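Asker: I'm passing along final.txt; it holds compact mmCIF, C-alpha atoms (C1' of nucleotides).
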# COMPACT_ATOMS: atom_id res chain seq x y z
CA MET A 231 -1.15 -28.12 45.02
CA SER A 232 -3.51 -25.40 46.12
CA THR A 233 -4.37 -24.17 42.65
CA ASP A 234 -5.01 -26.82 40.07
CA ALA A 235 -2.26 -27.38 37.64
CA VAL A 236 -2.24 -25.74 34.22
CA ALA A 237 -0.81 -28.74 32.47
CA ARG A 238 1.78 -31.49 32.71
CA GLY A 239 1.22 -32.36 36.35
CA GLY A 240 1.75 -28.92 37.85
CA ALA A 241 3.52 -25.92 36.48
CA HIS A 242 4.53 -24.37 39.76
CA ASP A 243 1.99 -22.81 41.99
CA HIS A 244 4.61 -20.76 43.79
CA PRO A 245 5.23 -17.86 41.46
CA VAL A 246 8.83 -16.84 41.72
CA ASP A 247 8.08 -13.20 41.17
CA PRO A 248 4.37 -12.61 41.82
CA ALA A 249 4.67 -8.87 41.32
CA ARG A 250 5.94 -9.18 37.77
CA VAL A 251 3.45 -11.90 37.01
CA ALA A 252 0.60 -9.68 38.13
CA ALA A 253 2.00 -6.76 36.16
CA ALA A 254 2.39 -8.87 33.05
CA ARG A 255 -1.08 -10.26 33.48
CA ALA A 256 -2.58 -6.82 33.84
CA ARG A 257 -1.07 -5.36 30.69
CA LEU A 258 -0.88 -8.50 28.59
CA ILE A 259 -2.95 -8.92 25.50
CA SER A 260 -5.54 -11.68 25.66
CA SER A 261 -5.38 -14.89 23.70
CA ASP A 262 -8.12 -13.61 21.44
CA GLU A 263 -6.35 -10.38 20.71
CA ALA A 264 -3.13 -12.28 20.12
CA GLN A 265 -5.01 -14.60 17.81
CA ARG A 266 -6.29 -11.74 15.70
CA LEU A 267 -2.93 -10.03 15.66
CA THR A 268 -0.98 -13.11 14.68
CA SER A 269 -3.45 -14.13 12.02
CA LEU A 270 -2.87 -10.72 10.52
CA LEU A 271 0.89 -10.98 10.81
CA SER A 272 0.74 -14.44 9.29
CA LEU A 273 -0.49 -12.82 6.13
CA LEU A 274 2.77 -10.91 5.93
CA ALA A 275 4.87 -13.84 7.01
CA ASP A 276 5.14 -15.32 3.55
CA PRO A 277 7.65 -14.19 0.94
CA VAL A 278 5.19 -14.14 -1.93
CA ARG A 279 2.46 -12.29 -0.07
CA ALA A 280 4.88 -9.83 1.47
CA ARG A 281 6.32 -8.96 -1.90
CA ILE A 282 2.87 -8.71 -3.43
CA LEU A 283 1.79 -6.21 -0.81
CA TYR A 284 5.03 -4.33 -1.09
CA ALA A 285 4.69 -4.14 -4.86
CA LEU A 286 1.10 -2.96 -4.67
CA ASP A 287 2.08 -0.37 -2.11
CA THR A 288 4.63 1.09 -4.48
CA VAL A 289 2.93 0.91 -7.85
CA GLU A 290 -0.67 1.20 -6.74
CA GLU A 291 -2.15 -1.28 -9.19
CA LEU A 292 -1.07 -4.43 -10.96
CA CYS A 293 -2.71 -7.36 -12.69
CA VAL A 294 -2.02 -10.97 -11.83
CA GLY A 295 0.21 -11.82 -14.73
CA ASP A 296 2.31 -8.69 -14.42
CA LEU A 297 2.60 -9.31 -10.71
CA ALA A 298 3.92 -12.78 -11.32
CA LEU A 299 6.26 -11.34 -13.89
CA ALA A 300 7.59 -8.66 -11.56
CA LEU A 301 8.02 -11.07 -8.71
CA GLY A 302 9.52 -13.81 -10.82
CA ALA A 303 7.10 -16.22 -9.23
CA SER A 304 4.72 -18.71 -10.75
CA GLU A 305 1.29 -17.46 -11.60
CA ASP A 306 -0.15 -20.17 -9.40
CA ALA A 307 1.72 -18.98 -6.37
CA VAL A 308 0.74 -15.38 -6.98
CA GLY A 309 -2.84 -16.40 -7.62
CA TYR A 310 -2.97 -18.29 -4.36
CA GLY A 311 -1.37 -15.45 -2.45
CA LEU A 312 -3.85 -12.99 -3.89
CA ARG A 313 -6.71 -15.24 -2.93
CA ILE A 314 -5.59 -15.30 0.67
CA LEU A 315 -5.07 -11.56 0.77
CA ARG A 316 -8.39 -10.97 -0.95
CA THR A 317 -10.21 -13.25 1.48
CA ALA A 318 -8.59 -11.38 4.34
CA GLY A 319 -9.74 -8.13 2.80
CA LEU A 320 -6.30 -6.64 2.30
CA VAL A 321 -6.50 -6.39 -1.47
CA VAL A 322 -9.26 -6.00 -4.01
CA GLY A 323 -9.31 -6.90 -7.65
CA CYS A 324 -11.34 -5.00 -10.18
CA ARG A 325 -11.89 -6.55 -13.52
CA ALA A 326 -11.03 -4.64 -16.67
CA GLY A 327 -11.81 -6.74 -19.64
CA ARG A 328 -10.10 -10.03 -19.10
CA VAL A 329 -7.43 -8.74 -16.81
CA VAL A 330 -7.93 -8.20 -13.12
CA PHE A 331 -6.11 -5.31 -11.53
CA TYR A 332 -5.33 -5.69 -7.86
CA ARG A 333 -4.69 -2.96 -5.37
CA LEU A 334 -4.57 -2.54 -1.64
CA THR A 335 -7.93 -2.06 -0.03
CA ALA A 336 -8.96 1.49 0.77
CA ASP A 337 -9.25 0.62 4.45
CA PHE A 338 -5.94 -1.21 4.49
CA PRO A 339 -4.73 -1.09 8.10
CA GLN A 340 -2.50 1.98 8.13
CA PRO A 341 -0.21 0.78 10.92
CA LEU A 342 0.42 -2.37 8.97
CA ARG A 343 1.25 -0.47 5.81
CA GLU A 344 3.32 2.15 7.54
CA HIS A 345 5.17 0.05 10.05
CA CYS A 346 5.50 -3.33 8.42
CA LEU A 347 5.53 -2.67 4.71
CA ARG A 348 7.67 0.45 4.79
CA ARG A 349 9.70 0.50 7.96
CA LEU A 350 10.33 -3.17 8.54
CA VAL A 351 11.65 -3.62 5.06
CA GLU A 352 14.76 -1.86 6.25
CA LEU A 353 15.32 -4.84 8.49
CA SER A 354 15.46 -7.07 5.46
CA ARG A 355 18.09 -4.90 3.87
CA THR A 356 20.36 -4.94 6.89
CA PRO A 357 20.67 -8.55 8.00
CA PRO A 358 19.82 -8.59 11.69
CA ASP A 359 22.64 -11.06 12.28
CA ASP A 360 20.44 -13.03 14.63
CA ASP A 361 22.77 -15.93 14.77
CA PHE A 362 26.44 -15.26 15.05
CA MET B 1201 7.99 -16.00 -26.85
CA SER B 1202 10.72 -13.46 -26.56
CA THR B 1203 11.30 -13.94 -22.88
CA ASP B 1204 11.23 -17.49 -21.67
CA ALA B 1205 8.26 -18.49 -19.62
CA VAL B 1206 8.44 -18.35 -15.84
CA ALA B 1207 6.34 -21.40 -15.16
CA ARG B 1208 3.36 -23.42 -16.28
CA GLY B 1209 3.86 -23.06 -20.00
CA GLY B 1210 3.96 -19.28 -20.19
CA ALA B 1211 2.61 -16.69 -17.82
CA HIS B 1212 2.05 -14.06 -20.46
CA ASP B 1213 4.96 -12.54 -22.22
CA HIS B 1214 3.02 -9.47 -23.16
CA PRO B 1215 3.04 -7.45 -19.97
CA VAL B 1216 -0.17 -5.55 -19.74
CA ASP B 1217 1.48 -2.58 -18.08
CA PRO B 1218 5.23 -2.78 -18.71
CA ALA B 1219 5.85 0.56 -17.02
CA ARG B 1220 4.42 -0.51 -13.70
CA VAL B 1221 6.12 -3.88 -13.94
CA ALA B 1222 9.46 -2.18 -14.42
CA ALA B 1223 8.77 0.21 -11.56
CA ALA B 1224 7.75 -2.60 -9.26
CA ARG B 1225 10.78 -4.61 -10.25
CA ALA B 1226 13.10 -1.71 -9.59
CA ARG B 1227 11.89 -0.99 -6.07
CA LEU B 1228 10.84 -4.49 -5.08
CA ILE B 1229 12.63 -6.36 -2.36
CA SER B 1230 14.44 -9.48 -3.49
CA SER B 1231 13.44 -13.01 -2.64
CA ASP B 1232 16.29 -13.23 -0.19
CA GLU B 1233 15.37 -10.05 1.58
CA ALA B 1234 11.76 -11.18 1.68
CA GLN B 1235 12.90 -14.49 3.06
CA ARG B 1236 14.78 -12.87 5.91
CA LEU B 1237 11.96 -10.47 6.63
CA THR B 1238 9.26 -13.11 6.67
CA SER B 1239 11.26 -15.50 8.78
CA LEU B 1240 11.51 -12.70 11.30
CA LEU B 1241 7.82 -11.91 11.09
CA SER B 1242 7.03 -15.59 11.43
CA LEU B 1243 8.50 -15.41 14.90
CA LEU B 1244 5.81 -12.92 15.83
CA ALA B 1245 3.10 -14.75 13.94
CA ASP B 1246 2.33 -17.13 16.78
CA PRO B 1247 0.06 -16.27 19.71
CA VAL B 1248 2.34 -17.77 22.35
CA ARG B 1249 5.53 -16.16 21.07
CA ALA B 1250 3.86 -12.81 20.47
CA ARG B 1251 2.53 -12.75 24.01
CA ILE B 1252 5.88 -13.85 25.41
CA LEU B 1253 7.65 -11.01 23.66
CA TYR B 1254 4.96 -8.56 24.64
CA ALA B 1255 5.18 -9.65 28.26
CA LEU B 1256 8.95 -9.40 28.32
CA ASP B 1257 8.74 -5.98 26.74
CA THR B 1258 6.53 -4.75 29.54
CA VAL B 1259 8.00 -6.40 32.63
CA GLU B 1260 11.59 -6.68 31.52
CA GLU B 1261 12.32 -10.09 33.01
CA LEU B 1262 10.40 -13.28 33.74
CA CYS B 1263 11.18 -16.91 34.39
CA VAL B 1264 9.67 -19.77 32.43
CA GLY B 1265 7.17 -20.91 35.04
CA ASP B 1266 5.93 -17.43 35.79
CA LEU B 1267 5.67 -16.76 32.10
CA ALA B 1268 3.50 -19.81 31.62
CA LEU B 1269 1.47 -18.71 34.60
CA ALA B 1270 0.96 -15.18 33.30
CA LEU B 1271 0.06 -16.40 29.84
CA GLY B 1272 -2.15 -19.22 31.03
CA ALA B 1273 -0.33 -21.49 28.64
CA SER B 1274 1.28 -24.85 29.17
CA GLU B 1275 4.89 -24.83 30.26
CA ASP B 1276 5.72 -26.96 27.25
CA ALA B 1277 4.32 -24.44 24.85
CA VAL B 1278 6.13 -21.59 26.54
CA GLY B 1279 9.32 -23.59 26.68
CA TYR B 1280 9.13 -24.33 22.99
CA GLY B 1281 8.34 -20.74 22.17
CA LEU B 1282 11.30 -19.57 24.20
CA ARG B 1283 13.56 -22.03 22.47
CA ILE B 1284 12.60 -20.67 19.08
CA LEU B 1285 13.03 -17.09 20.19
CA ARG B 1286 16.31 -17.92 21.87
CA THR B 1287 17.62 -19.69 18.78
CA ALA B 1288 16.65 -16.67 16.72
CA GLY B 1289 18.50 -14.47 19.18
CA LEU B 1290 15.50 -12.42 20.25
CA VAL B 1291 15.60 -13.43 23.90
CA VAL B 1292 18.24 -14.56 26.32
CA GLY B 1293 17.92 -16.53 29.50
CA CYS B 1294 20.23 -16.10 32.43
CA ARG B 1295 20.24 -18.74 35.10
CA ALA B 1296 19.72 -17.75 38.73
CA GLY B 1297 19.80 -20.82 40.86
CA ARG B 1298 17.38 -23.25 39.35
CA VAL B 1299 15.22 -20.66 37.70
CA VAL B 1300 16.01 -19.11 34.34
CA PHE B 1301 15.04 -15.51 33.79
CA TYR B 1302 14.35 -14.51 30.24
CA ARG B 1303 14.52 -11.07 28.75
CA LEU B 1304 14.67 -9.48 25.34
CA THR B 1305 18.11 -9.36 23.83
CA ALA B 1306 20.02 -6.12 24.15
CA ASP B 1307 20.23 -5.83 20.39
CA PHE B 1308 16.58 -6.67 19.91
CA PRO B 1309 15.58 -5.12 16.58
CA GLN B 1310 14.18 -1.77 17.61
CA PRO B 1311 11.79 -1.40 14.66
CA LEU B 1312 10.33 -4.75 15.54
CA ARG B 1313 9.86 -3.80 19.17
CA GLU B 1314 8.57 -0.35 18.45
CA HIS B 1315 6.34 -1.00 15.47
CA CYS B 1316 5.13 -4.53 15.96
CA LEU B 1317 5.10 -5.07 19.68
CA ARG B 1318 3.83 -1.68 20.69
CA ARG B 1319 2.00 -0.13 17.77
CA LEU B 1320 0.51 -3.12 16.09
CA VAL B 1321 -1.02 -4.33 19.30
CA GLU B 1322 -3.54 -1.56 18.85
CA LEU B 1323 -4.74 -3.44 15.80
CA SER B 1324 -5.55 -6.41 17.97
CA ARG B 1325 -7.63 -4.27 20.28
CA THR B 1326 -9.71 -2.81 17.48
CA PRO B 1327 -10.86 -5.67 15.30
CA PRO B 1328 -9.89 -4.75 11.77
CA ASP B 1329 -13.24 -6.06 10.52
CA ASP B 1330 -11.50 -7.61 7.57
CA ASP B 1331 -14.53 -9.52 6.50
CA PHE B 1332 -17.85 -7.78 6.51
C1' DG C 1448 -18.34 -18.47 -34.95
C1' DC C 1449 -13.76 -20.07 -33.23
C1' DC C 1450 -9.46 -20.00 -30.81
C1' DA C 1451 -6.30 -17.96 -27.65
C1' DT C 1452 -5.76 -15.44 -23.45
C1' DA C 1453 -6.26 -14.20 -18.39
C1' DC C 1454 -7.75 -15.68 -14.43
C1' DC C 1455 -10.16 -18.72 -11.09
C1' DT C 1456 -11.35 -23.11 -8.74
C1' DG C 1457 -10.73 -27.89 -6.93
C1' DC C 1458 -7.69 -31.58 -5.75
C1' DA C 1459 -3.56 -34.02 -4.16
C1' DC C 1460 0.97 -33.99 -2.45
C1' DG C 1461 4.91 -32.69 0.45
C1' DG C 1462 6.86 -30.16 4.23
C1' DG C 1463 7.19 -27.55 8.15
C1' DC C 1464 5.14 -25.99 12.63
C1' DG C 1465 3.25 -26.43 17.26
C1' DT C 1466 1.81 -29.47 21.03
C1' DA C 1467 2.03 -33.30 24.17
C1' DC C 1468 4.73 -36.82 26.28
C1' DG C 1469 8.72 -39.24 28.28
C1' DG C 1470 12.97 -38.83 30.18
C1' DG C 1471 17.10 -36.29 31.73
C1' DT C 1472 20.10 -32.78 34.48
C1' DA C 1473 21.18 -29.40 37.83
C1' DA C 1474 19.95 -26.90 41.93
C1' DC C 1475 17.58 -26.21 46.41
C1' DG C 1476 15.40 -27.87 51.00
C1' DT C 1477 15.58 -30.89 54.83
C1' DA D 310 22.05 -38.16 50.91
C1' DC D 311 17.43 -38.04 49.21
C1' DG D 312 13.47 -36.20 47.11
C1' DT D 313 11.53 -32.29 44.89
C1' DT D 314 11.60 -28.45 41.88
C1' DA D 315 12.57 -25.86 37.54
C1' DC D 316 13.87 -26.32 33.28
C1' DC D 317 15.79 -28.56 29.00
C1' DC D 318 16.03 -32.00 25.25
C1' DG D 319 14.49 -35.47 21.94
C1' DT D 320 10.60 -37.84 19.84
C1' DA D 321 6.10 -38.63 17.78
C1' DC D 322 1.90 -37.12 16.17
C1' DG D 323 -1.45 -34.13 13.95
C1' DC D 324 -2.42 -30.21 11.41
C1' DC D 325 -2.26 -26.43 8.42
C1' DC D 326 0.06 -24.11 4.69
C1' DG D 327 2.01 -23.39 0.13
C1' DT D 328 2.87 -25.37 -4.48
C1' DG D 329 1.83 -27.67 -8.73
C1' DC D 330 -1.34 -29.82 -11.90
C1' DA D 331 -5.84 -30.29 -14.25
C1' DG D 332 -9.95 -28.37 -15.63
C1' DG D 333 -13.36 -24.61 -15.90
C1' DT D 334 -15.32 -19.81 -17.19
C1' DA D 335 -15.30 -15.47 -19.45
C1' DT D 336 -13.38 -12.07 -22.33
C1' DG D 337 -11.14 -10.26 -26.57
C1' DG D 338 -9.20 -10.84 -31.27
C1' DC D 339 -9.62 -12.74 -35.87
In structure tokens, what does this structure look like?

Answerer:
Amino acid sequence: MSTDAVARGGAHDHPVDPARVAAARARLISSDEAQRLTSLLSLLADPVRARILYALDTVEELCVGDLALALGASEDAVGYGLRILRTAGLVVGCRAGRVVFYRLTADFPQPLREHCLRRLVELSRTPPDDDF
Amino acid sequence: MSTDAVARGGAHDHPVDPARVAAARARLISSDEAQRLTSLLSLLADPVRARILYALDTVEELCVGDLALALGASEDAVGYGLRILRTAGLVVGCRAGRVVFYRLTADFPQPLREHCLRRLVELSRTPPDDDF
DNA sequence: GCCATACCTGCACGGGCGTACGGGTAACGT
DNA sequence: ACGTTACCCGTACGCCCGTGCAGGTATGGC
């Protein structure tokens, strides 16, 4: 009861392992940083968007209709996905006549491309057998 | 009209760039693979869960109350986050008296730990200035 | 000029996710 | 034994997200 409770009456003001708590606190990312990170990861955490990015990473450039065709998804879904990614600044579309070719932005976060798009895909190929 | 339409009447059955479409199709990950991948990424795409995993990666072991304390989050939120992660098989909790110490699973996907937890955090520290 | 195409926008609907709350169980202290 | 502590579970609520439909704009072909 010395420190005020965090929520729900009172968490427990006697840390069980104060050393670890302090250590975790010292090296932990802040809520803001976590917010930014997760909002970025959320962009990848959708089947359509993930496949869009993956496709654009492999073939450089693709227009909306062809993208929908390659993905086997509705043009609406792809259009929406592209809008999100475009708003986030991960892809850009340049108009060529009446078609719009999309590609990854020049300043696409390299770690994201390298680690998530290319490496993590391996995880999808070998089921992580989370549940047993 | 050769190929049947995907949705909404007819996307466009004249691919603008058939070569790229074929290439993308050949190397693209399937919907199922994407599903598995994104459901995994979704686990990271939440501030509480991301910070939980990050904390457990750094200090090895932590009980629920201390975790909530270190994160400055409500015990409910942490408890829910842990449940999700536990169900997914990313963390395990071993009971010691009336406290439950959580840690990352032994078979925690290494790419995930290495690339997302450790490398991607750098992205959160340097704002990706998506929008300009 | 006219019509079809390629894409975008706005709106409405359904579903799933995260949080807060109440209540429950097992363990420790006295 | 009794009360407290630490955690878990189930429920209810609110919110955001993704999809589909309808309509709009601009470009290219005839």

Asker: Enclose the full set of atoms of region 289-303 of chain A listed in the file within a box whose edges lie along x, y and z, apply 6 Å of padding to each of the six sides, and report centre and edge lengths in Å to one decimal as AutoDock Vina command-line options.

Answerer:
--center_x 3.4 --center_y -7.5 --center_z -10.7 --size_x 24.2 --size_y 29.4 --size_z 20.0

Asker: Scan for residues within 9 Å of the point (7.0, -36.2, 21.1) in the coordinates of the file, using all atoms listed in the file, and reply as a list in words.

Answerer: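 Looking at atoms near the point gives DT1466, DA1467, DC1468 and DG1469 of chain C; DG319, DT320, DA321 and DC322 of chain D.
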
Asker: Using the selection just defined, write its residues with C-alpha atoms (C1' of nucleotides) as a short mmCIF file (atom, residue, chain, number, x, y, z; two decimals), keeping the file's coordinate frame.

Answerer:
data_model
loop_
_atom_site.label_atom_id
_atom_site.label_comp_id
_atom_site.auth_asym_id
_atom_site.auth_seq_id
_atom_site.Cartn_x
_atom_site.Cartn_y
_atom_site.Cartn_z
"C1'" DT C 1466 1.81 -29.47 21.03
"C1'" DA C 1467 2.03 -33.30 24.17
"C1'" DC C 1468 4.73 -36.82 26.28
"C1'" DG C 1469 8.72 -39.24 28.28
"C1'" DG D 319 14.49 -35.47 21.94
"C1'" DT D 320 10.60 -37.84 19.84
"C1'" DA D 321 6.10 -38.63 17.78
"C1'" DC D 322 1.90 -37.12 16.17
#

Asker: Do me a favour and pick out the residues of chain D within 9 Å of chain A, using only C-alpha atoms (C1' of nucleotides), as an MDAnalysis selection string.

Answerer: chainID D and resid 314:315 327:329 335:337

Asker: Save out the residues we just selected, C-alpha atoms (C1' of nucleotides), as a compact mmCIF listing (two decimals), in the coordinates of the input.

Answerer:
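Output saved as part_24.txt:
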# COMPACT_ATOMS: atom_id res chain seq x y z
C1' DT D 314 11.60 -28.45 41.88
C1' DA D 315 12.57 -25.86 37.54
C1' DG D 327 2.01 -23.39 0.13
C1' DT D 328 2.87 -25.37 -4.48
C1' DG D 329 1.83 -27.67 -8.73
C1' DA D 335 -15.30 -15.47 -19.45
C1' DT D 336 -13.38 -12.07 -22.33
C1' DG D 337 -11.14 -10.26 -26.57

Asker: Taking all atoms listed in the file into account, which residues of chain C are within 9 Å of chain B, as a short mmCIF file (atom, residue, chain, number, x, y, z; two decimals) with C-alpha atoms (C1' of nucleotides), in the frame of the given file?

Answerer:
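Once everything was written out, this is iface01.cif:
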data_model
loop_
_atom_site.label_atom_id
_atom_site.label_comp_id
_atom_site.auth_asym_id
_atom_site.auth_seq_id
_atom_site.Cartn_x
_atom_site.Cartn_y
_atom_site.Cartn_z
"C1'" DT C 1452 -5.76 -15.44 -23.45
"C1'" DA C 1453 -6.26 -14.20 -18.39
"C1'" DG C 1465 3.25 -26.43 17.26
"C1'" DT C 1466 1.81 -29.47 21.03
"C1'" DA C 1467 2.03 -33.30 24.17
"C1'" DA C 1473 21.18 -29.40 37.83
"C1'" DA C 1474 19.95 -26.90 41.93
"C1'" DC C 1475 17.58 -26.21 46.41
#

Asker: Cα-based RMSD, chain A fitted onto chain B, all atoms paired in sequence order: value?

Answerer: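 That gives an RMSD of 0.3 Å.
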
Asker: Give one line per residue of chain B that approaches chain A to at most 6 Å, naming the two atoms of the closest pair and their distance in Å to one decimal, counting all atoms listed in the file; sort by chain then ascending residue number and deliver it as JSON lines.

Answerer:
{"residue": "B:Ala1207", "atom": "CA", "partner": "A:Ser304", "partner_atom": "CA", "distance": 5.4}
{"residue": "B:Pro1215", "atom": "CA", "partner": "A:Asp296", "partner_atom": "CA", "distance": 5.7}
{"residue": "B:Val1221", "atom": "CA", "partner": "A:Ala300", "partner_atom": "CA", "distance": 5.5}
{"residue": "B:Ala1224", "atom": "CA", "partner": "A:Ala285", "partner_atom": "CA", "distance": 5.6}
{"residue": "B:Arg1225", "atom": "CA", "partner": "A:Ala300", "partner_atom": "CA", "distance": 5.3}
{"residue": "B:Glu1233", "atom": "CA", "partner": "A:Ser354", "partner_atom": "CA", "distance": 4.9}
{"residue": "B:Ala1234", "atom": "CA", "partner": "A:Pro277", "partner_atom": "CA", "distance": 5.1}
{"residue": "B:Gln1235", "atom": "CA", "partner": "A:Pro277", "partner_atom": "CA", "distance": 5.7}
{"residue": "B:Arg1236", "atom": "CA", "partner": "A:Ser354", "partner_atom": "CA", "distance": 5.9}
{"residue": "B:Leu1237", "atom": "CA", "partner": "A:Ser354", "partner_atom": "CA", "distance": 5.0}
{"residue": "B:Thr1238", "atom": "CA", "partner": "A:Ala275", "partner_atom": "CA", "distance": 4.5}
{"residue": "B:Leu1241", "atom": "CA", "partner": "A:Ala275", "partner_atom": "CA", "distance": 5.4}
{"residue": "B:Ser1242", "atom": "CA", "partner": "A:Ala275", "partner_atom": "CA", "distance": 5.2}
{"residue": "B:Ala1245", "atom": "CA", "partner": "A:Thr268", "partner_atom": "CA", "distance": 4.5}
{"residue": "B:Asp1246", "atom": "CA", "partner": "A:Thr268", "partner_atom": "CA", "distance": 5.6}
{"residue": "B:Pro1247", "atom": "CA", "partner": "A:Ala264", "partner_atom": "CA", "distance": 5.1}
{"residue": "B:Ala1255", "atom": "CA", "partner": "A:Ala254", "partner_atom": "CA", "distance": 5.6}
{"residue": "B:Asp1266", "atom": "CA", "partner": "A:Pro245", "partner_atom": "CA", "distance": 5.7}
{"residue": "B:Ala1270", "atom": "CA", "partner": "A:Arg255", "partner_atom": "CA", "distance": 5.3}
{"residue": "B:Ser1274", "atom": "CA", "partner": "A:Ala237", "partner_atom": "CA", "distance": 5.5}
{"residue": "B:Ala1288", "atom": "CA", "partner": "A:Asp360", "partner_atom": "CA", "distance": 5.7}
{"residue": "B:Gly1289", "atom": "CA", "partner": "A:Asp360", "partner_atom": "CA", "distance": 5.2}
{"residue": "B:His1315", "atom": "CA", "partner": "A:His345", "partner_atom": "CA", "distance": 5.6}
{"residue": "B:Ser1324", "atom": "CA", "partner": "A:Glu263", "partner_atom": "CA", "distance": 4.9}
{"residue": "B:Asp1330", "atom": "CA", "partner": "A:Gly319", "partner_atom": "CA", "distance": 5.1}

Asker: Just the number, please: distance in Å from CA of Leu1253 (chain B) to CA of Leu1285 (chain B), one decimal.

Answerer: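 Between CA of Leu1253 (chain B) and CA of Leu1285 (chain B) the gap works out to 8.8 Å.
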
Asker: Please, what distance in Å, to one decimal, runs between C1' of DG1463 (chain C) and C1' of DC325 (chain D)?

Answerer: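 Between C1' of DG1463 (chain C) and C1' of DC325 (chain D) the gap works out to 9.5 Å.
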
Asker: In Å to one decimal, how far is CA of Val322 (chain A) from CA of Leu334 (chain A)?

Answerer: 6.3 Å

Asker: Could N, CA and C atoms be built for region 258-269 of chain A and written out as a PDB file, keeping the file's coordinate frame?

Answerer:
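Saved to rebuild-v1.pdb:
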ATOM      1  N   LEU A 258      -1.036  -7.554  29.707  1.00  0.00           N
ATOM      2  CA  LEU A 258      -0.880  -8.500  28.590  1.00  0.00           C
ATOM      3  C   LEU A 258      -2.102  -8.503  27.679  1.00  0.00           C
ATOM      4  N   ILE A 259      -1.832  -8.786  26.424  1.00  0.00           N
ATOM      5  CA  ILE A 259      -2.950  -8.920  25.500  1.00  0.00           C
ATOM      6  C   ILE A 259      -3.555 -10.309  25.680  1.00  0.00           C
ATOM      7  N   SER A 260      -4.849 -10.409  25.446  1.00  0.00           N
ATOM      8  CA  SER A 260      -5.540 -11.680  25.660  1.00  0.00           C
ATOM      9  C   SER A 260      -5.218 -12.656  24.536  1.00  0.00           C
ATOM     10  N   SER A 261      -5.610 -13.881  24.735  1.00  0.00           N
ATOM     11  CA  SER A 261      -5.380 -14.890  23.700  1.00  0.00           C
ATOM     12  C   SER A 261      -6.132 -14.526  22.429  1.00  0.00           C
ATOM     13  N   ASP A 262      -7.318 -14.005  22.593  1.00  0.00           N
ATOM     14  CA  ASP A 262      -8.120 -13.610  21.440  1.00  0.00           C
ATOM     15  C   ASP A 262      -7.452 -12.502  20.651  1.00  0.00           C
ATOM     16  N   GLU A 263      -7.020 -11.498  21.372  1.00  0.00           N
ATOM     17  CA  GLU A 263      -6.350 -10.380  20.710  1.00  0.00           C
ATOM     18  C   GLU A 263      -5.092 -10.880  20.014  1.00  0.00           C
ATOM     19  N   ALA A 264      -4.352 -11.728  20.711  1.00  0.00           N
ATOM     20  CA  ALA A 264      -3.130 -12.280  20.120  1.00  0.00           C
ATOM     21  C   ALA A 264      -3.467 -13.086  18.874  1.00  0.00           C
ATOM     22  N   GLN A 265      -4.568 -13.786  18.952  1.00  0.00           N
ATOM     23  CA  GLN A 265      -5.010 -14.600  17.810  1.00  0.00           C
ATOM     24  C   GLN A 265      -5.252 -13.719  16.597  1.00  0.00           C
ATOM     25  N   ARG A 266      -5.993 -12.662  16.811  1.00  0.00           N
ATOM     26  CA  ARG A 266      -6.290 -11.740  15.700  1.00  0.00           C
ATOM     27  C   ARG A 266      -5.005 -11.113  15.162  1.00  0.00           C
ATOM     28  N   LEU A 267      -4.172 -10.679  16.079  1.00  0.00           N
ATOM     29  CA  LEU A 267      -2.930 -10.030  15.660  1.00  0.00           C
ATOM     30  C   LEU A 267      -2.053 -10.975  14.858  1.00  0.00           C
ATOM     31  N   THR A 268      -1.878 -12.167  15.349  1.00  0.00           N
ATOM     32  CA  THR A 268      -0.980 -13.110  14.680  1.00  0.00           C
ATOM     33  C   THR A 268      -1.557 -13.607  13.361  1.00  0.00           C
ATOM     34  N   SER A 269      -2.877 -13.699  13.290  1.00  0.00           N
ATOM     35  CA  SER A 269      -3.450 -14.130  12.020  1.00  0.00           C
ATOM     36  C   SER A 269      -3.245 -13.036  10.970  1.00  0.00           C
TER      37      SER A 269
END
